[in-house]
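Participant: Please find model38.cif (mmCIF, C-alpha atoms) on the next line:
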data_run
#
loop_
_atom_site.label_atom_id
_atom_site.label_comp_id
_atom_site.auth_asym_id
_atom_site.auth_seq_id
_atom_site.Cartn_x
_atom_site.Cartn_y
_atom_site.Cartn_z
CA MET P 240 -6.40 -13.39 -23.80
CA ILE P 241 -9.15 -10.98 -22.71
CA THR P 242 -8.08 -7.42 -23.53
CA ASN P 243 -11.38 -5.53 -23.59
CA THR P 244 -11.26 -2.99 -20.77
CA VAL P 245 -14.90 -3.50 -19.76
CA ALA P 246 -14.37 -7.27 -19.66
CA ILE P 247 -11.23 -6.89 -17.51
CA PHE P 248 -13.11 -4.60 -15.13
CA SER P 249 -15.90 -7.18 -14.98
CA ILE P 250 -13.45 -9.98 -14.12
CA LEU P 251 -11.82 -7.91 -11.36
CA SER P 252 -15.21 -7.02 -9.86
CA ILE P 253 -16.35 -10.66 -9.98
CA VAL P 254 -13.17 -11.84 -8.24
CA VAL P 255 -13.36 -9.19 -5.51
CA PHE P 256 -17.06 -9.84 -4.91
CA GLY P 257 -16.44 -13.59 -4.77
CA MET P 258 -13.64 -13.23 -2.23
CA ILE P 259 -15.77 -10.92 -0.06
CA TRP P 260 -18.59 -13.47 -0.19
CA LEU P 261 -16.23 -16.29 0.82
CA GLU P 262 -15.22 -14.41 3.97
CA ARG P 263 -18.39 -15.70 5.63
CA TYR P 264 -16.52 -19.00 6.09
CA PRO P 265 -14.13 -18.96 9.09
CA SER P 266 -11.42 -21.00 7.35
CA PHE P 267 -11.30 -18.51 4.45
CA ARG P 268 -11.53 -15.45 6.70
CA LYS P 269 -7.98 -16.02 7.96
CA LEU P 270 -6.61 -15.36 4.47
CA GLY P 271 -8.97 -12.45 3.86
CA ALA P 272 -10.61 -11.10 0.72
CA ALA P 273 -7.77 -8.69 -0.04
CA ALA P 274 -4.98 -11.28 -0.08
CA ALA P 275 -7.17 -13.82 -1.87
CA SER P 276 -8.07 -11.28 -4.57
CA ILE P 277 -4.40 -10.50 -5.20
CA LEU P 278 -3.46 -14.18 -5.49
CA PHE P 279 -6.43 -15.18 -7.63
CA VAL P 280 -6.00 -12.32 -10.11
CA MET P 281 -2.25 -12.96 -10.18
CA VAL P 282 -2.99 -16.51 -11.34
CA LEU P 283 -5.36 -15.24 -14.05
CA SER P 284 -2.70 -12.84 -15.27
CA ASN P 285 0.13 -15.37 -15.28
CA ILE P 286 -1.84 -18.05 -17.15
CA GLY P 287 -2.64 -15.46 -19.83
CA LEU P 288 -6.38 -15.06 -19.31
CA ILE P 289 -6.00 -11.33 -18.63
CA PRO P 290 -3.07 -9.04 -19.54
CA GLY P 291 -0.37 -7.75 -17.21
CA GLU P 292 -1.01 -4.20 -18.38
CA SER P 293 -4.33 -2.45 -18.95
CA PRO P 294 -5.87 1.02 -18.69
CA VAL P 295 -8.12 -0.51 -16.01
CA TYR P 296 -5.10 -1.17 -13.79
CA ASP P 297 -3.72 2.31 -14.51
CA PHE P 298 -6.98 3.88 -13.35
CA PHE P 299 -7.27 1.93 -10.11
CA THR P 300 -3.60 2.33 -9.23
CA GLY P 301 -3.93 6.06 -9.97
CA TYR P 302 -7.14 7.97 -9.42
CA GLY P 303 -8.91 4.88 -8.09
CA VAL P 304 -6.63 4.46 -5.10
CA LEU P 305 -6.63 8.22 -4.46
CA ALA P 306 -10.43 8.13 -4.34
CA GLY P 307 -10.33 5.09 -2.04
CA THR P 308 -7.92 6.94 0.24
CA VAL P 309 -10.27 9.94 0.44
CA LEU P 310 -13.35 7.82 1.11
CA ILE P 311 -11.76 5.80 3.92
CA LEU P 312 -10.19 8.85 5.55
CA LEU P 313 -13.62 10.49 5.64
CA GLY P 314 -14.47 7.91 8.31
CA VAL P 315 -11.42 8.61 10.48
CA ASP P 316 -12.00 10.18 13.87
CA LEU P 317 -8.75 11.80 15.01
CA GLY P 318 -9.64 11.10 18.62
CA SER P 319 -9.59 7.32 18.08
CA ILE P 320 -6.01 6.88 16.87
CA LYS P 321 -3.81 8.67 19.42
CA ALA P 322 -2.60 5.51 21.13
CA ALA P 323 -0.95 3.99 18.03
CA GLY P 324 1.11 6.99 16.89
CA SER P 325 4.46 6.57 18.65
CA THR P 326 4.52 2.80 18.21
CA MET P 327 3.79 3.05 14.49
CA THR P 328 6.49 5.67 14.03
CA LYS P 329 9.00 3.47 15.82
CA ALA P 330 8.04 0.48 13.65
CA PHE P 331 8.31 2.60 10.49
CA PHE P 332 11.85 3.77 11.23
CA ILE P 333 12.93 0.23 12.09
CA GLY P 334 11.65 -0.75 8.65
CA ALA P 335 13.42 2.20 7.01
CA VAL P 336 16.71 1.10 8.53
CA GLY P 337 16.02 -2.44 7.30
CA SER P 338 15.48 -1.14 3.75
CA MET P 339 18.70 0.88 3.84
CA VAL P 340 20.68 -2.09 5.14
CA GLY P 341 19.05 -4.32 2.52
CA ALA P 342 19.84 -1.99 -0.40
CA MET P 343 23.42 -1.59 0.77
CA THR P 344 23.95 -5.33 1.32
CA MET P 345 22.53 -6.28 -2.07
CA GLY P 346 24.66 -3.60 -3.72
CA PHE P 347 27.86 -5.16 -2.37
CA PHE P 348 26.64 -8.67 -3.18
CA LEU P 349 25.61 -7.96 -6.80
CA TYR P 350 28.31 -5.46 -7.76
CA PRO P 351 30.38 -8.09 -9.66
CA SER P 352 27.45 -8.77 -12.04
CA LEU P 353 25.84 -5.31 -12.24
CA GLY P 354 29.00 -3.23 -12.47
CA GLU P 355 29.26 0.53 -12.18
CA ASP P 356 25.48 1.11 -12.19
CA THR P 357 25.07 -0.77 -8.92
CA TYR P 358 25.09 2.38 -6.79
CA LYS P 359 22.12 3.70 -8.76
CA LEU P 360 19.99 0.68 -7.88
CA SER P 361 21.09 0.88 -4.24
CA GLY P 362 19.87 4.47 -4.07
CA GLN P 363 16.66 3.78 -5.98
CA PHE P 364 15.63 0.68 -4.04
CA ALA P 365 16.51 2.34 -0.73
CA ALA P 366 14.31 5.31 -1.63
CA THR P 367 11.38 3.24 -2.88
CA TYR P 368 11.49 0.84 0.09
CA VAL P 369 11.57 3.66 2.63
CA GLY P 370 8.57 5.54 1.28
CA GLY P 371 6.93 3.73 -1.61
CA GLY P 372 7.26 3.52 -5.38
CA MET P 373 6.89 7.23 -6.16
CA ASN P 374 10.47 7.82 -4.95
CA PHE P 375 11.99 5.36 -7.45
CA ALA P 376 11.60 7.67 -10.43
CA ALA P 377 13.01 10.75 -8.69
CA ILE P 378 16.23 9.00 -7.66
CA GLY P 379 16.57 7.36 -11.07
CA GLN P 380 16.35 10.78 -12.70
CA ALA P 381 18.90 12.22 -10.27
CA PHE P 382 21.40 9.43 -10.98
CA GLY P 383 20.73 9.31 -14.73
CA THR P 384 19.69 5.66 -14.70
CA SER P 385 19.43 4.16 -18.19
CA GLY P 386 15.99 3.41 -19.61
CA GLU P 387 16.63 -0.33 -19.69
CA LEU P 388 17.81 -0.51 -16.09
CA PHE P 389 15.00 1.78 -14.94
CA THR P 390 12.34 -0.38 -16.64
CA ALA P 391 13.89 -3.52 -15.18
CA GLY P 392 13.84 -2.02 -11.69
CA ILE P 393 10.21 -0.92 -11.98
CA ALA P 394 9.10 -4.38 -13.14
CA ALA P 395 10.99 -6.11 -10.32
CA ASP P 396 9.60 -3.62 -7.80
CA VAL P 397 5.99 -4.22 -8.91
CA ILE P 398 6.35 -7.98 -8.59
CA ILE P 399 8.11 -7.95 -5.21
CA THR P 400 5.78 -5.30 -3.79
CA ALA P 401 2.74 -7.43 -4.67
CA PHE P 402 4.24 -10.53 -3.06
CA TRP P 403 5.21 -8.57 0.05
CA LEU P 404 1.69 -7.19 0.30
CA VAL P 405 0.35 -10.74 0.54
CA ALA P 406 3.06 -11.63 3.08
CA CYS P 407 2.12 -8.66 5.29
CA LEU P 408 -1.57 -9.54 5.10
CA ALA P 409 -0.73 -13.03 6.37
CA ALA P 410 2.00 -12.11 8.89
CA PRO P 411 -0.21 -11.14 11.88
CA VAL P 412 -2.09 -14.45 11.64
CA LEU P 413 1.00 -16.59 11.04
CA LEU P 414 2.90 -14.91 13.87
CA ARG P 415 -0.16 -14.99 16.14
CA SER P 416 0.37 -11.39 17.15
CA GLU P 417 -2.63 -9.15 16.47
CA PRO P 418 -3.08 -5.55 17.70
CA ARG P 419 -4.76 -5.52 21.10
CA ASN P 420 -7.37 -2.96 20.07
CA ARG P 421 -8.51 -4.77 16.97
CA ASP P 422 -12.26 -5.41 16.91
CA GLN P 423 -12.57 -9.09 17.80
CA GLY P 424 -16.08 -9.49 16.42
CA THR P 425 -16.77 -11.80 13.50
CA ARG P 426 -16.88 -10.55 9.91
CA GLU P 427 -20.65 -11.08 9.96
CA ASP P 428 -20.83 -8.68 12.92
CA LEU P 429 -18.89 -6.11 10.91
CA GLN P 430 -21.12 -6.54 7.90
CA SER P 431 -24.32 -6.30 9.91
CA GLY P 432 -23.34 -2.96 11.41
CA GLY P 433 -23.80 -4.08 15.01
CA SER P 434 -23.85 -1.73 17.93
CA GLY P 435 -21.23 1.00 18.12
CA HIS P 436 -20.62 1.59 14.42
CA THR P 437 -16.83 1.98 14.52
CA LEU P 438 -14.57 2.55 11.53
CA GLU P 439 -13.80 -1.13 11.02
CA LYS P 440 -17.54 -1.91 10.95
CA ALA P 441 -18.04 0.92 8.45
CA LEU P 442 -15.63 -0.84 6.09
CA TYR P 443 -18.32 -3.48 5.52
CA SER P 444 -21.61 -1.68 6.17
CA SER P 445 -22.78 1.92 6.20
CA GLY P 446 -24.89 1.17 9.27
CA LYS P 447 -27.81 3.17 7.89
CA ALA P 448 -29.53 3.95 4.62
CA VAL P 449 -27.38 5.77 2.05
CA THR P 450 -29.33 8.60 0.42
CA LEU P 451 -28.83 10.26 -2.95
CA GLY P 452 -27.71 13.35 -1.05
CA ASP P 453 -25.02 11.31 0.74
CA LEU P 454 -23.69 9.96 -2.55
CA GLY P 455 -23.73 13.42 -4.15
CA ALA P 456 -21.79 14.96 -1.27
CA ILE P 457 -19.30 12.06 -1.10
CA VAL P 458 -18.54 12.19 -4.83
CA THR P 459 -18.20 15.99 -4.72
CA ILE P 460 -15.79 15.87 -1.77
CA THR P 461 -13.74 13.07 -3.30
CA VAL P 462 -13.28 14.54 -6.76
CA SER P 463 -12.76 18.07 -5.46
CA ALA P 464 -10.19 16.93 -2.88
CA VAL P 465 -8.13 15.09 -5.50
CA TRP P 466 -8.29 18.12 -7.80
CA VAL P 467 -7.35 20.67 -5.13
CA SER P 468 -4.51 18.53 -3.76
CA SER P 469 -3.14 18.19 -7.30
CA LEU P 470 -3.23 21.98 -7.75
CA LEU P 471 -1.47 22.53 -4.42
CA SER P 472 1.18 19.96 -5.33
CA ASP P 473 1.83 21.77 -8.62
CA LEU P 474 2.17 25.08 -6.78
CA ILE P 475 4.52 23.64 -4.14
CA PRO P 476 6.30 20.65 -5.77
CA LEU P 477 8.38 19.90 -2.66
CA ILE P 478 5.25 18.74 -0.83
CA PRO P 479 3.72 15.56 -2.33
CA GLU P 480 0.11 15.42 -3.45
CA VAL P 481 -0.77 12.73 -0.90
CA PHE P 482 0.21 15.12 1.94
CA TRP P 483 -2.25 17.76 0.74
CA LEU P 484 -4.93 15.17 0.08
CA THR P 485 -4.65 13.55 3.49
CA THR P 486 -4.55 16.85 5.37
CA LEU P 487 -7.54 18.27 3.53
CA ILE P 488 -9.69 15.18 4.03
CA LEU P 489 -8.79 14.76 7.69
CA VAL P 490 -9.87 18.33 8.38
CA LEU P 491 -13.15 17.82 6.51
CA ALA P 492 -13.74 14.46 8.23
CA GLN P 493 -13.95 16.14 11.63
CA LEU P 494 -16.84 18.41 10.57
CA PRO P 495 -20.26 17.26 11.87
CA PRO P 496 -22.03 17.48 8.46
CA VAL P 497 -19.34 15.26 6.89
CA LYS P 498 -19.44 12.82 9.80
CA ARG P 499 -23.16 12.32 9.16
CA LEU P 500 -22.61 11.16 5.56
CA ALA P 501 -23.25 7.43 5.10
CA GLY P 502 -21.48 5.01 2.79
CA ALA P 503 -18.11 6.69 2.18
CA THR P 504 -15.96 4.18 4.07
CA VAL P 505 -17.49 1.04 2.60
CA MET P 506 -17.11 2.51 -0.91
CA GLY P 507 -13.49 3.33 -0.17
CA ASN P 508 -12.82 -0.19 1.09
CA TYR P 509 -14.18 -1.62 -2.17
CA LEU P 510 -11.95 0.67 -4.25
CA ILE P 511 -8.93 -0.37 -2.18
CA MET P 512 -9.74 -4.03 -2.84
CA LEU P 513 -9.91 -3.35 -6.60
CA PHE P 514 -6.59 -1.53 -6.32
CA LEU P 515 -5.03 -4.57 -4.64
CA ALA P 516 -6.46 -6.90 -7.29
CA CYS P 517 -4.90 -4.72 -10.01
CA ASN P 518 -1.52 -5.06 -8.30
CA GLY P 519 -1.93 -8.81 -8.54
CA ALA P 520 -2.77 -8.60 -12.24
CA LYS P 521 0.34 -6.52 -12.97
CA SER P 522 2.62 -9.12 -11.33
CA VAL P 523 3.40 -11.28 -14.35
CA ILE P 524 6.09 -13.76 -13.37
CA ALA P 525 7.38 -13.91 -16.96
CA LYS P 526 8.67 -10.36 -16.50
CA ILE P 527 11.35 -11.75 -14.21
CA VAL P 528 13.05 -13.31 -17.23
CA GLU P 529 12.71 -10.13 -19.27
CA VAL P 530 14.19 -7.78 -16.66
CA GLY P 531 17.15 -9.98 -15.87
CA PRO P 532 17.62 -11.99 -12.69
CA GLU P 533 20.15 -9.66 -11.06
CA VAL P 534 17.71 -6.75 -10.79
CA PHE P 535 15.04 -9.08 -9.47
CA TYR P 536 17.50 -10.48 -6.93
CA PHE P 537 18.33 -6.91 -5.90
CA ALA P 538 14.69 -6.03 -5.20
CA SER P 539 13.79 -9.32 -3.53
CA GLY P 540 16.93 -9.36 -1.37
CA THR P 541 16.38 -5.78 -0.22
CA VAL P 542 12.78 -6.50 0.80
CA ALA P 543 13.75 -9.80 2.46
CA ILE P 544 16.37 -8.06 4.63
CA HIS P 545 13.86 -5.29 5.38
CA GLY P 546 11.37 -7.95 6.52
CA LEU P 547 13.89 -9.69 8.76
CA VAL P 548 14.82 -6.39 10.39
CA ILE P 549 11.34 -4.95 10.92
CA PHE P 550 9.69 -8.14 12.15
CA GLY P 551 12.74 -9.43 14.01
CA VAL P 552 13.70 -6.22 15.81
CA GLY P 553 10.08 -5.08 16.10
CA MET P 554 8.89 -8.20 17.88
CA LEU P 555 11.94 -8.14 20.16
CA MET P 556 10.73 -4.66 21.11
CA LYS P 557 7.26 -6.12 21.82
CA ILE P 558 5.55 -4.42 18.87
CA ASP P 559 2.62 -6.48 17.61
CA ALA P 560 2.86 -7.99 14.12
CA GLY P 561 -0.20 -6.07 12.90
CA THR P 562 1.47 -2.73 13.53
CA LEU P 563 4.71 -4.01 12.00
CA ALA P 564 2.82 -5.19 8.89
CA VAL P 565 1.18 -1.78 8.40
CA ALA P 566 4.50 0.04 8.97
CA SER P 567 6.29 -2.31 6.58
CA GLN P 568 3.76 -1.55 3.85
CA ALA P 569 4.21 2.18 4.49
CA ASN P 570 7.90 1.56 3.69
CA ILE P 571 7.56 -0.81 0.76
CA GLY P 572 4.31 0.28 -0.89
CA GLY P 573 3.58 3.71 0.57
CA ALA P 574 0.58 5.20 2.35
CA ALA P 575 -2.03 3.48 0.15
CA HIS P 576 -0.60 0.03 0.88
CA ALA P 577 -0.41 0.80 4.60
CA MET P 578 -4.07 1.78 4.52
CA ALA P 579 -4.91 -1.35 2.55
CA ILE P 580 -3.34 -3.59 5.18
CA ALA P 581 -4.98 -1.72 8.06
CA THR P 582 -8.44 -1.73 6.51
CA SER P 583 -8.26 -5.32 5.28
CA ARG P 584 -7.42 -6.58 8.76
CA GLY P 585 -9.70 -4.21 10.70
CA TYR P 586 -6.89 -2.33 12.48
CA ASN P 587 -8.90 0.86 12.90
CA SER P 588 -6.36 2.64 15.10
CA ARG P 589 -3.56 1.87 12.61
CA ILE P 590 -5.14 3.51 9.55
CA LEU P 591 -4.19 7.14 10.13
CA PRO P 592 -0.77 6.39 11.73
CA GLY P 593 -0.03 4.11 8.76
CA VAL P 594 -0.94 6.87 6.30
CA ALA P 595 1.05 9.39 8.37
CA VAL P 596 4.28 7.38 8.34
CA GLY P 597 3.71 6.67 4.65
CA ILE P 598 3.77 10.42 4.05
CA ILE P 599 6.96 10.70 6.13
CA GLY P 600 8.46 8.01 3.91
CA VAL P 601 7.65 9.98 0.76
CA ALA P 602 9.24 13.06 2.32
CA ILE P 603 12.49 11.42 3.48
CA GLY P 604 12.85 8.58 0.97
CA ASN P 605 14.51 10.69 -1.71
CA TYR P 606 17.02 12.15 0.74
CA LEU P 607 17.96 8.72 2.08
CA GLY P 608 18.14 7.24 -1.42
CA LEU P 609 20.44 10.00 -2.64
CA ALA P 610 22.63 9.67 0.44
CA LEU P 611 22.96 5.88 0.19
CA GLY P 612 23.49 5.93 -3.59
CA ASN P 613 26.32 8.45 -3.31
CA LEU P 614 27.87 6.53 -0.40
CA MET P 615 27.78 3.31 -2.45
CA ARG P 616 29.39 5.12 -5.40
CA ILE P 617 32.33 5.94 -3.12
CA LEU P 618 32.55 2.49 -1.52
CA LEU P 619 32.16 0.30 -4.61
#
For the file at hand, write its structure as structure tokens.

Facilitator:
Amino acid sequence: MITNTVAIFSILSIVVFGMIWLERYPSFRKLGAAAASILFVMVLSNIGLIPGESPVYDFFTGYGVLAGTVLILLGVDLGSIKAAGSTMTKAFFIGAVGSMVGAMTMGFFLYPSLGEDTYKLSGQFAATYVGGGMNFAAIGQAFGTSGELFTAGIAADVIITAFWLVACLAAPVLLRSEPRNRDQGTREDLQSGGSGHTLEKALYSSGKAVTLGDLGAIVTITVSAVWVSSLLSDLIPLIPEVFWLTTLILVLAQLPPVKRLAGATVMGNYLIMLFLACNGAKSVIAKIVEVGPEVFYFASGTVAIHGLVIFGVGMLMKIDAGTLAVASQANIGGAAHAMAIATSRGYNSRILPGVAVGIIGVAIGNYLGLALGNLMRILL
């Protein structure tokens, strides 16, 4: 097994580059570089070529994804995303209801095997599948979940979240329901810059030469924004760091000098792809045996019911599958996963709404998890 951190980083970069290169072929483009990277790295991890845990993964799922978030948001024009707001919010709350129903249903179903701790998992999985993984720990601490059960839940969540990410990347194509305002140009058009350098084109090409000054300003903004948002989160713990980070960057992104910077969005897209590949590497199937099948069933059943609700009800309400996929990832994986889906599929008008509902999920997930967990403690 390759354990050297530089070697692991090299393998991830080779895989991501290879999948981006393969997107020039129409048959491969339907799967997309993001989904292909997750699947390919997942195979490498599960056959034992690379480990399921590494400081490389910790970096890209921590500061790496925060930096990617900053860089992509620097290319967001607030005037271009107004049309998607209400629809995305509606899709998000449909998904939140689906997660609550799923966590409650699986709690009743698995109570005979899990016993008195079942309500804890209902609350934790409801919280994490309303607003992303950061809520899991808070509810576990509130309910006093044992270390063994907590570790089992985290492992199951990582695996199911990675699989659901791939499912959401594929859903708009499989369901033949793409957002109407998606750029319909080919990937080569996006990479060449084309005319009208919109956000989705900027994901693949800066459109103009990137100067040393551009890079210096981009790095300064990115690092400083992460630092300042962390300080603000420490000062006001009730407001999550991602809220401060997103707000700060969106304000800066509207300033003319920042708008003129070249290269930020394409760099952010690359970091997001590395982040997704790391999620694939962390999804070692052997962990299913270690954590116990009941906890895995709990996580997978909750997400499956969530999926049936959000895509079933959402499409009955005439919401396109692309919007539903982004909203679903805001529920299951949080704002970063919502952004990853939107950027990977070129849904430019869904990026900011996806991040916005992801932030809502972080804010309300703990409340809903606590409420459902306490309700299940009474009912079981």

Participant: List as a list in words the protein and nucleic acid residues near range 324-332 of chain P, meaning an atom at most 6 Å away when only C-alpha atoms are counted, but skip any in the same chain fewer than 5 places from it.

Facilitator: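 Surrounding residues, per the criterion: Leu563, Ala566 and Pro592 of chain P.
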
Participant: In Å, how far is it from CA of Leu312 in chain P to CA of Leu489 in chain P?

Facilitator: 6.4 Å

Participant: Can you list what the PyMOL selection byres ((chain P and resi 494-509) around 8) grabs from this structure, as a PyMOL selection string?

Facilitator: chain P and resi 306-314+438+441-450+453-454+456-457+490-493+510-513+582

Participant: For the residues in the current selection, export C-alpha atoms as a PDB file, in the frame of the given file.

Facilitator:
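Output (out_37.pdb):
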ATOM      1  CA  ALA P 306     -10.430   8.130  -4.340  1.00  0.00           C
ATOM      2  CA  GLY P 307     -10.330   5.090  -2.040  1.00  0.00           C
ATOM      3  CA  THR P 308      -7.920   6.940   0.240  1.00  0.00           C
ATOM      4  CA  VAL P 309     -10.270   9.940   0.440  1.00  0.00           C
ATOM      5  CA  LEU P 310     -13.350   7.820   1.110  1.00  0.00           C
ATOM      6  CA  ILE P 311     -11.760   5.800   3.920  1.00  0.00           C
ATOM      7  CA  LEU P 312     -10.190   8.850   5.550  1.00  0.00           C
ATOM      8  CA  LEU P 313     -13.620  10.490   5.640  1.00  0.00           C
ATOM      9  CA  GLY P 314     -14.470   7.910   8.310  1.00  0.00           C
ATOM     10  CA  LEU P 438     -14.570   2.550  11.530  1.00  0.00           C
ATOM     11  CA  ALA P 441     -18.040   0.920   8.450  1.00  0.00           C
ATOM     12  CA  LEU P 442     -15.630  -0.840   6.090  1.00  0.00           C
ATOM     13  CA  TYR P 443     -18.320  -3.480   5.520  1.00  0.00           C
ATOM     14  CA  SER P 444     -21.610  -1.680   6.170  1.00  0.00           C
ATOM     15  CA  SER P 445     -22.780   1.920   6.200  1.00  0.00           C
ATOM     16  CA  GLY P 446     -24.890   1.170   9.270  1.00  0.00           C
ATOM     17  CA  LYS P 447     -27.810   3.170   7.890  1.00  0.00           C
ATOM     18  CA  ALA P 448     -29.530   3.950   4.620  1.00  0.00           C
ATOM     19  CA  VAL P 449     -27.380   5.770   2.050  1.00  0.00           C
ATOM     20  CA  THR P 450     -29.330   8.600   0.420  1.00  0.00           C
ATOM     21  CA  ASP P 453     -25.020  11.310   0.740  1.00  0.00           C
ATOM     22  CA  LEU P 454     -23.690   9.960  -2.550  1.00  0.00           C
ATOM     23  CA  ALA P 456     -21.790  14.960  -1.270  1.00  0.00           C
ATOM     24  CA  ILE P 457     -19.300  12.060  -1.100  1.00  0.00           C
ATOM     25  CA  VAL P 490      -9.870  18.330   8.380  1.00  0.00           C
ATOM     26  CA  LEU P 491     -13.150  17.820   6.510  1.00  0.00           C
ATOM     27  CA  ALA P 492     -13.740  14.460   8.230  1.00  0.00           C
ATOM     28  CA  GLN P 493     -13.950  16.140  11.630  1.00  0.00           C
ATOM     29  CA  LEU P 510     -11.950   0.670  -4.250  1.00  0.00           C
ATOM     30  CA  ILE P 511      -8.930  -0.370  -2.180  1.00  0.00           C
ATOM     31  CA  MET P 512      -9.740  -4.030  -2.840  1.00  0.00           C
ATOM     32  CA  LEU P 513      -9.910  -3.350  -6.600  1.00  0.00           C
ATOM     33  CA  THR P 582      -8.440  -1.730   6.510  1.00  0.00           C
TER      34      THR P 582
END

Participant: Give me the residues near range 296-299 of chain P as an NGL selection string, where near means some atom within 10 Å (using only C-alpha atoms) and where sequence neighbours in that chain fewer than 5 positions away do not count.

Facilitator: :P and (244 or 247-248 or 251 or 290-291 or 304-307 or 510-521)

Participant: Between P:Met578, P:Val542, P:Leu278, P:Ile393, which residue has the minimum interatomic distance to Met345 in chain P, considering only C-alpha atoms?

Facilitator: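 When distances to Met345 in chain P are compared using only C-alpha atoms, the smallest one comes from P:Val542.
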
Participant: Let me make sure I understand: among P:Ser567, P:Asn285, P:Ser463, P:Ser293, which one has the smallest atom-to-atom distance to Gly370 in chain P if we use all atoms listed in the file?

Facilitator: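 Residue with the minimum atom-to-atom distance to Gly370 in chain P: P:Ser567.
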
Participant: Identify which of the residues P:Leu451, P:Leu619, P:Ala602, P:Met339 lies closest to Glu480 in chain P, counting all atoms listed in the file when measuring atom-to-atom distances.

Facilitator: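 For Glu480 in chain P, the nearest of the candidates is P:Ala602.
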
Participant: Can you tell me, as a list in words, what residues are no more than 7 Å from Ile571 in chain P when counting all atoms listed in the file, ignoring any on the same chain fewer than 2 positions away?

Facilitator: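 In the requested form, the answer reads Thr367, Tyr368, Val369, Gly370, Gly371, Thr400, Ser567, Gln568, Ala569 and Gly573 of chain P.
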
Participant: Residues at most 12 Å from Phe550 in chain P, counting only C-alpha atoms, excluding those fewer than 6 positions away in the same chain, as a ChimeraX atom specification?

Facilitator: /P:330-331,333-334,337,406-407,410-411,414,416,542-544,556-567

Participant: Looking at all atoms listed in the file, which of P:Ile488, P:Ser583, P:Lys359, P:Phe375 is the one that sits closest to Ile259 in chain P?

Facilitator: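 Among P:Ile488, P:Ser583, P:Lys359, P:Phe375, it is P:Ser583 that comes nearest to Ile259 in chain P.
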
Participant: Which residue gives the smallest distance to His545 in chain P among P:Asn570, P:Asp473, P:Ile378, P:Leu487, with all atoms listed in the file counted?

Facilitator: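 Checking each of P:Asn570, P:Asp473, P:Ile378, P:Leu487 against His545 in chain P, counting all atoms listed in the file, the winner is P:Asn570.
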
Participant: Name the closest residue to Val397 in chain P among the candidates P:Glu355, P:Ile590, P:Phe364, P:Ile460; distances are taken between atoms, counting all atoms listed in the file.

Facilitator: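 Closest residue, counting all atoms listed in the file: P:Phe364.
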
Participant: Around (25.9, 0.2, -9.7), as given in the file, which residues come within 9 Å? Count all atoms listed in the file and list them as a list in words.

Facilitator: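 These residues have at least one counted atom within 9 Å: Gly346, Leu349, Tyr350, Leu353, Gly354, Glu355, Asp356, Thr357, Tyr358, Lys359, Leu360, Ser361, Gly612, Met615, Arg616 and Leu619 of chain P.
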
Participant: Could you dump the residues just selected with C-alpha atoms as a PDB file, in the frame of the given file?

Facilitator:
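Below is the file that was written, result_13.pdb:
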ATOM      1  CA  GLY P 346      24.660  -3.600  -3.720  1.00  0.00           C
ATOM      2  CA  LEU P 349      25.610  -7.960  -6.800  1.00  0.00           C
ATOM      3  CA  TYR P 350      28.310  -5.460  -7.760  1.00  0.00           C
ATOM      4  CA  LEU P 353      25.840  -5.310 -12.240  1.00  0.00           C
ATOM      5  CA  GLY P 354      29.000  -3.230 -12.470  1.00  0.00           C
ATOM      6  CA  GLU P 355      29.260   0.530 -12.180  1.00  0.00           C
ATOM      7  CA  ASP P 356      25.480   1.110 -12.190  1.00  0.00           C
ATOM      8  CA  THR P 357      25.070  -0.770  -8.920  1.00  0.00           C
ATOM      9  CA  TYR P 358      25.090   2.380  -6.790  1.00  0.00           C
ATOM     10  CA  LYS P 359      22.120   3.700  -8.760  1.00  0.00           C
ATOM     11  CA  LEU P 360      19.990   0.680  -7.880  1.00  0.00           C
ATOM     12  CA  SER P 361      21.090   0.880  -4.240  1.00  0.00           C
ATOM     13  CA  GLY P 612      23.490   5.930  -3.590  1.00  0.00           C
ATOM     14  CA  MET P 615      27.780   3.310  -2.450  1.00  0.00           C
ATOM     15  CA  ARG P 616      29.390   5.120  -5.400  1.00  0.00           C
ATOM     16  CA  LEU P 619      32.160   0.300  -4.610  1.00  0.00           C
TER      17      LEU P 619
END

Participant: Quick one: distance from CA of Phe348 in chain P to CA of Gly362 in chain P in Å, one decimal?

Facilitator: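 Atom-to-atom, CA of Phe348 in chain P and CA of Gly362 in chain P are spaced 14.8 Å apart.
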